[in-house]
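Shown here: protein_31.txt, compact mmCIF, C-alpha atoms and all ligand atoms.
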# COMPACT_ATOMS: atom_id res chain seq x y z
CA MET A 1036 94.95 55.96 103.02
CA HIS A 1037 92.83 58.00 100.64
CA PHE A 1038 91.06 61.20 101.71
CA THR A 1039 88.55 62.93 99.48
CA LYS A 1040 88.85 66.67 98.87
CA ARG A 1041 85.54 67.16 100.66
CA PHE A 1042 86.77 65.27 103.74
CA ILE A 1043 89.93 67.39 103.88
CA ALA A 1044 87.95 70.64 103.44
CA GLU A 1045 85.56 69.64 106.23
CA ALA A 1046 88.43 68.63 108.53
CA VAL A 1047 90.19 71.97 107.91
CA ALA A 1048 86.93 73.90 108.50
CA ALA A 1049 86.34 71.98 111.75
CA ALA A 1050 89.91 72.66 112.93
CA VAL A 1051 89.60 76.39 112.12
CA GLY A 1052 86.20 76.52 113.88
CA PHE A 1053 87.74 74.87 116.94
CA LEU A 1054 90.64 77.36 116.99
CA VAL A 1055 88.22 80.29 116.63
CA ARG A 1056 86.23 79.02 119.63
CA LEU A 1057 89.45 78.69 121.65
CA ALA A 1058 90.63 82.15 120.63
CA SER A 1059 87.29 83.75 121.53
CA ARG A 1060 88.37 83.68 125.16
CA TRP A 1061 91.14 86.20 124.45
CA VAL A 1062 89.82 88.00 121.40
CA ALA A 1063 86.54 89.96 121.25
CA GLY A 1064 85.81 88.89 117.68
CA VAL A 1065 86.62 89.70 114.11
CA GLU A 1066 84.53 92.88 113.66
CA MET A 1067 84.78 96.31 115.30
CA GLU A 1068 81.23 95.78 116.54
CA ASP A 1069 82.44 92.73 118.54
CA ALA A 1070 84.98 94.87 120.39
CA LEU A 1071 82.45 97.65 121.06
CA THR A 1072 80.00 95.08 122.44
CA ARG A 1073 82.71 93.65 124.71
CA ALA A 1074 83.54 97.19 125.89
CA GLU A 1075 79.86 97.81 126.68
CA GLN A 1076 79.67 94.54 128.63
CA ILE A 1077 82.71 95.21 130.79
CA ASN A 1078 81.72 98.86 131.29
CA GLY A 1079 78.63 97.37 132.94
CA LYS A 1080 81.02 95.82 135.48
CA SER A 1081 82.80 99.16 136.06
CA ILE A 1082 85.75 98.09 133.93
CA GLY A 1083 87.11 100.31 131.18
CA ALA A 1084 88.28 98.98 127.82
CA VAL A 1085 91.52 99.40 125.93
CA LEU A 1086 90.72 98.43 122.34
CA ASN A 1087 93.36 97.07 120.00
CA VAL A 1088 93.11 96.11 116.35
CA LEU A 1089 94.98 92.85 115.79
CA GLY A 1090 97.60 92.48 113.10
CA GLU A 1091 101.17 93.73 113.20
CA HIS A 1092 104.40 94.02 111.23
CA HIS A 1093 102.83 95.79 108.27
CA GLU A 1094 105.38 96.21 105.53
CA GLU A 1095 102.99 97.61 102.94
CA ARG A 1096 101.59 101.13 103.07
CA ASP A 1097 98.15 99.80 102.09
CA SER A 1098 97.88 97.65 105.23
CA VAL A 1099 99.11 100.55 107.37
CA GLU A 1100 96.49 102.87 105.86
CA THR A 1101 93.74 100.30 106.46
CA THR A 1102 94.72 99.94 110.14
CA VAL A 1103 95.09 103.68 110.77
CA THR A 1104 91.65 104.25 109.17
CA GLU A 1105 90.20 101.49 111.36
CA TYR A 1106 91.55 103.20 114.51
CA LEU A 1107 90.15 106.58 113.42
CA GLN A 1108 86.72 105.03 112.85
CA LEU A 1109 86.97 103.12 116.12
CA LEU A 1110 87.56 106.39 117.99
CA ASP A 1111 84.38 107.82 116.42
CA ARG A 1112 82.34 104.76 117.44
CA ILE A 1113 83.71 104.91 121.03
CA GLU A 1114 82.66 108.57 121.20
CA GLU A 1115 79.21 107.97 119.63
CA ARG A 1116 78.44 105.16 122.10
CA ARG A 1117 79.93 107.09 125.02
CA LEU A 1118 81.99 104.12 126.09
CA ASP A 1119 84.56 104.09 128.85
CA ALA A 1120 87.20 103.03 126.34
CA CYS A 1121 90.43 104.11 124.73
CA ILE A 1122 92.70 102.53 122.12
CA SER A 1123 96.15 100.96 122.19
CA ILE A 1124 98.16 100.91 118.99
CA LYS A 1125 101.31 99.12 117.84
CA LEU A 1126 103.92 101.06 115.91
CA SER A 1127 104.46 98.11 113.58
CA GLN A 1128 100.84 98.68 112.52
CA CYS A 1129 101.65 102.30 111.77
CA GLY A 1130 104.62 101.68 109.49
CA ILE A 1131 107.69 101.54 111.75
CA ALA A 1132 109.10 98.74 109.58
CA ILE A 1133 108.72 100.99 106.52
CA ASP A 1134 110.07 104.31 107.78
CA GLN A 1135 110.20 105.99 111.20
CA GLY A 1136 109.06 109.42 109.90
CA TYR A 1137 106.14 107.83 108.04
CA CYS A 1138 105.20 105.91 111.20
CA SER A 1139 105.44 109.01 113.34
CA ASP A 1140 103.13 110.90 110.93
CA ASN A 1141 100.55 108.09 111.16
CA VAL A 1142 100.70 108.00 114.95
CA LYS A 1143 100.21 111.77 114.97
CA ARG A 1144 97.09 111.41 112.77
CA ILE A 1145 95.63 109.05 115.37
CA LEU A 1146 96.83 111.27 118.22
CA ALA A 1147 95.20 114.35 116.67
CA LYS A 1148 91.85 112.53 116.65
CA VAL A 1149 92.33 111.29 120.23
CA LYS A 1150 93.18 114.85 121.28
CA SER A 1151 90.13 116.33 119.51
CA LEU A 1152 87.94 113.89 121.45
CA GLY A 1153 89.78 114.53 124.72
CA GLY A 1154 90.70 110.85 124.94
CA PHE A 1155 93.69 108.77 125.88
CA LEU A 1156 96.10 106.94 123.58
CA TRP A 1157 98.18 103.94 124.62
CA ILE A 1158 101.16 102.74 122.61
CA ASP A 1159 102.11 99.07 122.97
CA MET A 1160 105.76 98.07 123.18
CA GLU A 1161 106.95 95.43 120.74
CA SER A 1162 110.25 93.57 120.39
CA SER A 1163 113.54 95.25 121.36
CA LYS A 1164 114.23 95.91 117.69
CA TYR A 1165 111.79 98.84 117.99
CA THR A 1166 112.31 100.01 121.59
CA ASP A 1167 114.40 103.10 120.74
CA ALA A 1168 112.17 104.19 117.86
CA THR A 1169 109.03 103.60 119.94
CA ILE A 1170 110.33 105.72 122.81
CA GLN A 1171 111.39 108.50 120.43
CA ILE A 1172 107.94 108.62 118.81
CA TYR A 1173 106.30 108.44 122.23
CA GLU A 1174 108.34 111.41 123.45
CA GLN A 1175 107.25 113.45 120.41
CA CYS A 1176 103.61 112.54 121.10
CA LEU A 1177 103.92 113.52 124.75
CA LYS A 1178 104.87 117.05 123.69
CA GLU A 1179 101.59 117.30 121.73
CA HIS A 1180 99.17 115.69 124.17
CA PRO A 1181 99.73 114.73 127.82
CA LEU A 1182 97.16 111.92 127.64
CA VAL A 1183 99.35 109.39 125.90
CA GLY A 1184 100.90 106.36 127.56
CA LEU A 1185 103.59 103.85 126.68
CA ALA A 1186 103.89 100.18 127.59
CA VAL A 1187 107.26 99.25 129.12
CA GLN A 1188 108.61 95.75 129.67
CA SER A 1189 110.32 94.49 132.81
CA ASN A 1190 112.02 91.71 130.84
CA LEU A 1191 114.38 94.34 129.40
CA LYS A 1192 117.39 95.47 131.44
CA ARG A 1193 117.13 99.06 130.14
CA THR A 1194 113.53 99.61 131.27
CA GLU A 1195 114.12 100.99 134.79
CA GLU A 1196 116.33 103.73 133.34
CA ASP A 1197 113.81 104.41 130.53
CA VAL A 1198 111.02 104.70 133.07
CA ARG A 1199 112.92 107.17 135.26
CA ARG A 1200 113.63 109.33 132.18
CA LEU A 1201 110.01 109.16 130.97
CA LEU A 1202 108.64 110.05 134.40
CA LYS A 1203 110.74 113.24 134.41
CA GLN A 1204 108.97 114.25 131.18
CA GLY A 1205 105.51 113.57 132.63
CA GLY A 1206 105.27 110.26 130.77
CA ARG A 1207 102.59 107.74 131.63
CA VAL A 1208 103.60 104.12 131.53
CA ARG A 1209 101.91 100.75 131.52
CA LEU A 1210 104.23 98.32 133.27
CA CYS A 1211 104.09 94.79 131.87
CA LYS A 1212 106.55 91.88 131.95
CA GLY A 1213 107.03 91.71 128.19
CA ALA A 1214 105.67 89.25 125.67
CA TYR A 1215 108.71 88.96 123.40
CA ARG A 1216 111.69 86.65 123.87
CA GLU A 1217 114.81 88.77 124.23
CA ASP A 1218 118.52 87.99 124.11
CA PRO A 1219 120.11 87.54 127.59
CA SER A 1220 122.57 90.36 126.77
CA ILE A 1221 119.70 92.88 126.92
CA GLY A 1222 116.88 91.01 128.59
CA TYR A 1223 115.78 88.62 131.31
CA PRO A 1224 114.72 85.41 129.56
CA LYS A 1225 113.74 83.79 132.88
CA ARG A 1226 110.27 84.82 134.10
CA ALA A 1227 111.52 84.96 137.72
CA ASP A 1228 114.11 87.62 136.77
CA ALA A 1229 111.55 89.63 134.78
CA THR A 1230 109.26 89.45 137.83
CA ARG A 1231 112.02 90.69 140.18
CA ASN A 1232 112.62 93.61 137.81
CA TYR A 1233 108.85 94.23 137.65
CA SER A 1234 108.86 94.57 141.42
CA ARG A 1235 111.80 97.05 141.32
CA ILE A 1236 110.13 99.21 138.65
CA LEU A 1237 106.79 99.08 140.46
CA LYS A 1238 108.52 100.70 143.45
CA VAL A 1239 109.97 103.41 141.21
CA LEU A 1240 106.49 104.12 139.83
CA TYR A 1241 104.85 104.48 143.25
CA GLU A 1242 107.75 106.48 144.71
CA GLU A 1243 108.55 108.78 141.78
CA GLY A 1244 105.68 108.51 139.30
CA ASP A 1245 101.97 109.12 139.00
CA ASN A 1246 99.18 108.15 136.57
CA PHE A 1247 100.53 104.74 135.59
CA ALA A 1248 99.10 101.33 134.81
CA VAL A 1249 99.97 98.05 136.52
CA ALA A 1250 99.45 95.47 133.76
CA THR A 1251 99.91 91.96 135.10
CA HIS A 1252 97.96 88.86 136.07
CA ASP A 1253 100.61 87.89 138.58
CA ASN A 1254 98.94 87.88 142.00
CA SER A 1255 102.17 88.61 143.84
CA MET A 1256 102.73 91.77 141.75
CA ILE A 1257 99.09 92.85 142.17
CA GLU A 1258 99.51 92.42 145.95
CA GLU A 1259 102.74 94.45 145.89
CA ALA A 1260 100.97 97.22 143.98
CA LEU A 1261 98.14 97.25 146.51
CA GLU A 1262 100.66 97.45 149.41
CA LEU A 1263 102.63 100.25 147.74
CA SER A 1264 99.41 102.18 147.06
CA LYS A 1265 98.76 102.30 150.82
CA LYS A 1266 102.05 104.12 151.38
CA HIS A 1267 101.96 106.37 148.31
CA GLN A 1268 98.87 108.30 147.28
CA LYS A 1269 99.17 107.90 143.52
CA THR A 1270 96.69 107.71 140.65
CA PHE A 1271 97.07 104.30 139.04
CA GLU A 1272 95.03 101.64 137.33
CA PHE A 1273 95.16 97.90 136.92
CA GLN A 1274 95.07 96.49 133.41
CA PHE A 1275 94.28 92.92 132.41
CA LEU A 1276 94.11 91.10 129.11
CA GLN A 1277 90.69 89.92 128.03
CA GLY A 1278 90.13 86.35 129.17
CA VAL A 1279 92.79 86.27 131.88
CA ARG A 1280 92.05 86.51 135.62
CA GLU A 1281 88.64 88.07 134.95
CA SER A 1282 87.41 87.38 138.48
CA THR A 1283 90.37 89.32 139.95
CA ALA A 1284 89.63 92.24 137.61
CA ILE A 1285 85.98 92.28 138.68
CA GLU A 1286 86.92 92.05 142.39
CA LEU A 1287 89.38 94.95 142.15
CA ALA A 1288 86.83 97.08 140.27
CA ALA A 1289 84.18 96.27 142.89
CA LYS A 1290 86.60 97.47 145.58
CA GLY A 1291 86.81 100.81 143.80
CA TYR A 1292 90.13 100.46 141.97
CA ARG A 1293 90.29 101.70 138.40
CA VAL A 1294 90.50 98.60 136.18
CA LEU A 1295 90.82 98.34 132.41
CA GLU A 1296 90.67 95.34 130.13
CA TYR A 1297 92.74 95.12 126.97
CA VAL A 1298 90.31 93.98 124.28
CA PRO A 1299 91.87 92.85 120.98
CA TYR A 1300 89.81 92.23 117.87
CA GLY A 1301 90.12 91.73 114.14
CA PRO A 1302 90.57 89.02 111.55
CA ARG A 1303 94.32 88.69 112.20
CA TRP A 1304 93.96 87.04 115.61
CA LEU A 1305 96.19 83.99 115.15
CA ALA A 1306 99.59 85.52 116.13
CA TYR A 1307 98.09 87.08 119.27
CA PHE A 1308 96.35 83.83 120.15
CA MET A 1309 99.63 81.88 119.77
CA ARG A 1310 101.45 84.42 122.02
CA ARG A 1311 98.88 83.91 124.77
CA LEU A 1312 99.10 80.12 124.41
CA ARG A 1313 102.91 80.22 124.56
CA GLU A 1314 102.69 82.14 127.83
CA ARG A 1315 100.58 79.41 129.36
CA PRO A 1316 100.39 76.14 127.39
CA PHE A 1317 98.19 74.72 130.16
CA ASN A 1318 95.41 76.92 128.71
CA VAL A 1319 95.00 74.46 125.85
CA ILE A 1320 93.99 71.73 128.29
CA THR A 1321 91.69 73.93 130.40
CA MET A 1322 89.99 75.43 127.36
CA PHE A 1323 89.62 72.06 125.69
CA ARG A 1324 87.95 70.76 128.87
CA SER A 1325 85.58 73.75 129.02
CA LEU A 1326 84.58 73.20 125.38
CA VAL A 1327 84.01 69.50 125.84
CA SER A 1328 82.00 70.01 129.02
CA GLY A 1329 80.02 72.75 127.25
P1 LIG B 1 103.17 85.86 134.15
O1 LIG B 1 103.37 85.54 132.72
O2 LIG B 1 104.30 85.58 135.09
O3 LIG B 1 101.85 85.17 134.64
C1 LIG B 1 101.41 85.25 135.99
C2 LIG B 1 100.18 84.41 136.16
O4 LIG B 1 99.10 85.00 135.43
C3 LIG B 1 100.30 83.00 135.58
O5 LIG B 1 100.85 82.12 136.51
C4 LIG B 1 98.89 82.69 135.24
O6 LIG B 1 98.21 82.27 136.38
C5 LIG B 1 98.33 84.01 134.81
N1 LIG B 1 98.43 84.15 133.35
C6 LIG B 1 99.37 84.85 132.66
N2 LIG B 1 99.15 84.79 131.35
C7 LIG B 1 98.06 84.03 131.19
C8 LIG B 1 97.30 83.58 130.08
N3 LIG B 1 97.65 83.91 128.82
N4 LIG B 1 96.23 82.81 130.32
C9 LIG B 1 95.86 82.47 131.56
N5 LIG B 1 96.53 82.86 132.66
C10 LIG B 1 97.60 83.61 132.48
N6 LIG B 1 103.49 92.85 126.44
C11 LIG B 1 104.33 93.52 125.63
O7 LIG B 1 105.42 93.03 125.33
N7 LIG B 1 103.95 94.73 125.13
C12 LIG B 1 102.78 95.32 125.44
O8 LIG B 1 102.49 96.42 124.95
C13 LIG B 1 101.90 94.61 126.30
N8 LIG B 1 100.69 95.15 126.65
C14 LIG B 1 99.94 94.51 127.63
C15 LIG B 1 98.78 95.13 128.08
C16 LIG B 1 98.08 94.56 129.14
C17 LIG B 1 96.85 95.23 129.64
C18 LIG B 1 98.55 93.35 129.75
C19 LIG B 1 97.87 92.74 130.92
C20 LIG B 1 99.67 92.73 129.25
C21 LIG B 1 100.36 93.29 128.18
N9 LIG B 1 101.48 92.68 127.66
C22 LIG B 1 102.29 93.37 126.80
C23 LIG B 1 101.74 91.23 127.94
C24 LIG B 1 102.70 91.08 129.11
O9 LIG B 1 103.95 91.55 128.77
C25 LIG B 1 102.80 89.60 129.52
O10 LIG B 1 103.28 88.87 128.44
C26 LIG B 1 101.49 89.02 130.02
O11 LIG B 1 100.76 89.94 130.73
C27 LIG B 1 101.78 87.83 130.97
O12 LIG B 1 102.56 88.28 132.04
P2 LIG B 1 102.01 88.43 133.55
O13 LIG B 1 102.45 89.75 134.09
O14 LIG B 1 100.58 88.22 133.58
O15 LIG B 1 102.85 87.39 134.38
Take the structure in this file and express it as structure tokens.
Ligand code: FDA
Amino acid sequence: MHFTKRFIAEAVAAAVGFLVRLASRWVAGVEMEDALTRAEQINGKSIGAVLNVLGEHHEERDSVETTVTEYLQLLDRIEERRLDACISIKLSQCGIAIDQGYCSDNVKRILAKVKSLGGFLWIDMESSKYTDATIQIYEQCLKEHPLVGLAVQSNLKRTEEDVRRLLKQGGRVRLCKGAYREDPSIGYPKRADATRNYSRILKVLYEEGDNFAVATHDNSMIEEALELSKKHQKTFEFQFLQGVRESTAIELAAKGYRVLEYVPYGPRWLAYFMRRLRERPFNVITMFRSLVSG
């Protein structure tokens, strides 16, 4: 079979266009403006936004600098437009793979800006390779500004202990199940085990913590959180990823719960998109159907 260069170029362009349309469910867009527009839209539904610049594992200082600058500008735009929005950063965007001290300095640059604007900074948790370093940098940040939170993952065996220690320091955590495959010696590869641990840590948060985020789309965990909140008067919020269980997010917000949506954006959307697809391969079929049926 013989394909012309033009045919191949058109086929590749069509495939990329198709992927972009699929990804647009989970990603606000390529430009900062896309994320700000999404934040404005969900603010209109009483949902706050947690904005994240896509792209991770920077091993060059140039890419780190570009991302840090993007976050600093993003904070200015959030302030100018008076959005109900904050940012969530990844330490691998700030240079953790290059040097921990360098990374910590970059995080502190972002934190200083957040602090000057009286805002909130979330730090995502990545693979277990960086758990210790991430917690150490988080603890340093917490000493400088109380309004900084850290994502913790119930698919890691260490997390309950980490959470108890962080709570004693006034730490604020976002409890999620974990998006990275971990070795059974340190993690719970089966979702059911990660969910059981989620439930255990949720109890710790309501009994011993305050000001935390319940980040899950799992109805049974959302129900447990709602039950626990009846017994324990704590300040907490629900967090969802853009494009997942939106109707539940809207319902909870309408009932008066604080709800935030994690809104990722940027040209480097492919890795994030693949992570979301891996979590639920069935999405490919449902999204394909929605595209075909218009
Ligand atoms: P689970 O995966 O068990 O899914 C429960 C149900 O939710 C599914 O049965 C399905 O109905 C629905 N669902 C889940 N994922 C879906 C999808 N992609 N599309 C459609 N439906 C879906 N992880 C991490 O390692 N570090 C971090 O910093 C963060 N940060 C973060 C912030 C926020 C706001 C959220 C909501 C999640 C994260 N995560 C994360 C991701 C998290 O660890 C986890 O991978 C996903 O949230 C999926 O886990 P669930 O708790 O939703 O449960």
Rank nothing, just name the residue among A:Val1099, A:Cys1211, A:Leu1177, A:Ile1170 nearest to ligand LIG 1 (chain B), using all atoms listed in the file. A:Cys1211
Write out as number ranges by chain each polymer residue whose atoms come within 9 Å of Leu1109 in chain A, counting only C-alpha atoms; drop sequence neighbours fewer than 4 positions from it. A: 1067, 1071, 1086, 1104-1105, 1113-1114, 1122
At a cut-off of 7 Å, can you tabulate as CSV every residue of chain A near ligand LIG 1 (chain B) together with its closest atom pair and the distance in Å to one decimal, using only C-alpha atoms and all ligand atoms and ordering rows by chain then number?
residue,atom,partner,partner_atom,distance
A:Ile1158,CA,B:LIG1,O8,6.9
A:Asp1159,CA,B:LIG1,O8,3.3
A:Met1160,CA,B:LIG1,O8,4.1
A:Glu1161,CA,B:LIG1,N7,5.4
A:Ser1162,CA,B:LIG1,O7,6.9
A:Ala1186,CA,B:LIG1,O8,4.8
A:Val1187,CA,B:LIG1,N7,6.9
A:Gln1188,CA,B:LIG1,O7,6.0
A:Cys1211,CA,B:LIG1,O9,4.5
A:Lys1212,CA,B:LIG1,O9,4.1
A:Gly1213,CA,B:LIG1,O9,3.1
A:Ala1214,CA,B:LIG1,O10,3.7
A:Tyr1215,CA,B:LIG1,O7,5.6
A:Arg1226,CA,B:LIG1,O2,6.1
A:Thr1230,CA,B:LIG1,O2,6.9
A:Ala1250,CA,B:LIG1,C19,4.2
A:Thr1251,CA,B:LIG1,O13,3.5
A:His1252,CA,B:LIG1,O14,3.7
A:Asp1253,CA,B:LIG1,C1,3.8
A:Asn1254,CA,B:LIG1,C2,6.9
A:Gln1274,CA,B:LIG1,C17,4.4
A:Phe1275,CA,B:LIG1,C19,3.9
A:Leu1276,CA,B:LIG1,C19,4.5
A:Val1279,CA,B:LIG1,C9,4.9
A:Arg1280,CA,B:LIG1,N5,6.5
A:Glu1296,CA,B:LIG1,C17,6.2
A:Tyr1297,CA,B:LIG1,C17,4.9
A:Arg1311,CA,B:LIG1,N3,4.2
A:Leu1312,CA,B:LIG1,N3,6.0
A:Glu1314,CA,B:LIG1,N3,5.4
A:Arg1315,CA,B:LIG1,C8,5.4
A:Asn1318,CA,B:LIG1,N4,6.2
Need the neighbours of (102.7, 110.6, 108.0): which residues are at most 12 Å away, counting only C-alpha atoms, as an mmCIF file with C-alpha atoms, in the frame of the given file?
data_model
loop_
_atom_site.group_PDB
_atom_site.id
_atom_site.type_symbol
_atom_site.label_atom_id
_atom_site.label_comp_id
_atom_site.auth_asym_id
_atom_site.auth_seq_id
_atom_site.Cartn_x
_atom_site.Cartn_y
_atom_site.Cartn_z
ATOM 1 C CA ARG A 1096 101.590 101.130 103.070
ATOM 2 C CA VAL A 1099 99.110 100.550 107.370
ATOM 3 C CA GLU A 1100 96.490 102.870 105.860
ATOM 4 C CA VAL A 1103 95.090 103.680 110.770
ATOM 5 C CA CYS A 1129 101.650 102.300 111.770
ATOM 6 C CA GLY A 1130 104.620 101.680 109.490
ATOM 7 C CA ILE A 1131 107.690 101.540 111.750
ATOM 8 C CA ILE A 1133 108.720 100.990 106.520
ATOM 9 C CA ASP A 1134 110.070 104.310 107.780
ATOM 10 C CA GLN A 1135 110.200 105.990 111.200
ATOM 11 C CA GLY A 1136 109.060 109.420 109.900
ATOM 12 C CA TYR A 1137 106.140 107.830 108.040
ATOM 13 C CA CYS A 1138 105.200 105.910 111.200
ATOM 14 C CA SER A 1139 105.440 109.010 113.340
ATOM 15 C CA ASP A 1140 103.130 110.900 110.930
ATOM 16 C CA ASN A 1141 100.550 108.090 111.160
ATOM 17 C CA VAL A 1142 100.700 108.000 114.950
ATOM 18 C CA LYS A 1143 100.210 111.770 114.970
ATOM 19 C CA ARG A 1144 97.090 111.410 112.770
ATOM 20 C CA ILE A 1145 95.630 109.050 115.370
ATOM 21 C CA LEU A 1146 96.830 111.270 118.220
#
Between CA of Glu1217 in chain A and CA of Ser1059 in chain A, what is the distance in Å, rounded to a tenth? 28.1 Å
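Separating CA of Ala1260 in chain A from CA of Glu1272 in chain A is a distance of 10.0 Å.
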A:Val1249, A:Ile1077, A:Leu1126, A:Val1062: which is nearest Glu1091 in chain A, counting all atoms listed in the file? A:Leu1126
Give the answer as one residue: which of A:Asp1097, A:Glu1066, A:Glu1195, A:Asp1167 has the shortest atom-to-atom distance to Glu1243 in chain A, using all atoms listed in the file? A:Glu1195
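Restricting the calculation to all atoms listed in the file, the smallest distance between Ala1306 in chain A and any of A:Lys1192, A:His1092, A:Lys1040, A:Arg1199 is found for A:His1092.
One finds CA of Asn1246 in chain A at 6.0 Å from CA of Arg1207 in chain A.
If all atoms listed in the file are the atoms counted, then among A:Arg1200, A:Val1294, A:Gly1090, A:Met1256 the closest residue to Asp1119 in chain A is A:Val1294.
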So which residues touch range 1263-1266 of chain A within 9 Å, counting only C-alpha atoms, skipping near sequence neighbours fewer than 3 positions away, as number ranges by chain? A: 1237-1238, 1241-1242, 1258-1260, 1269-1271
Exercise: Asn1078 in chain A partners within 10 Å, all atoms listed in the file, chain neighbours under 5 positions left out, as a ChimeraX atom specification: /A:1072-1073,1083-1084,1118-1120,1295-1296
Let me see the file: selected residues, C-alpha atoms, as a PDB file, in the coordinates of the input.
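again24.pdb, written as the output of this step:
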ATOM      1  CA  THR A1072      80.000  95.080 122.440  1.00  0.00           C
ATOM      2  CA  ARG A1073      82.710  93.650 124.710  1.00  0.00           C
ATOM      3  CA  GLY A1083      87.110 100.310 131.180  1.00  0.00           C
ATOM      4  CA  ALA A1084      88.280  98.980 127.820  1.00  0.00           C
ATOM      5  CA  LEU A1118      81.990 104.120 126.090  1.00  0.00           C
ATOM      6  CA  ASP A1119      84.560 104.090 128.850  1.00  0.00           C
ATOM      7  CA  ALA A1120      87.200 103.030 126.340  1.00  0.00           C
ATOM      8  CA  LEU A1295      90.820  98.340 132.410  1.00  0.00           C
ATOM      9  CA  GLU A1296      90.670  95.340 130.130  1.00  0.00           C
TER      10      GLU A1296
END
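If you measure from each of A:Asp1228, A:Asp1245, A:Glu1196, A:Glu1068 to Gly1184 in chain A using all atoms listed in the file, the closest one turns out to be A:Asp1245.
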When you look at Lys1080 in chain A with a cut-off of 8 Å (counting only C-alpha atoms), what residues show up, excluding the ones that are within fewer than 3 positions of it in the same chain? I need them as a ChimeraX atom specification. /A:1076-1077,1285,1288
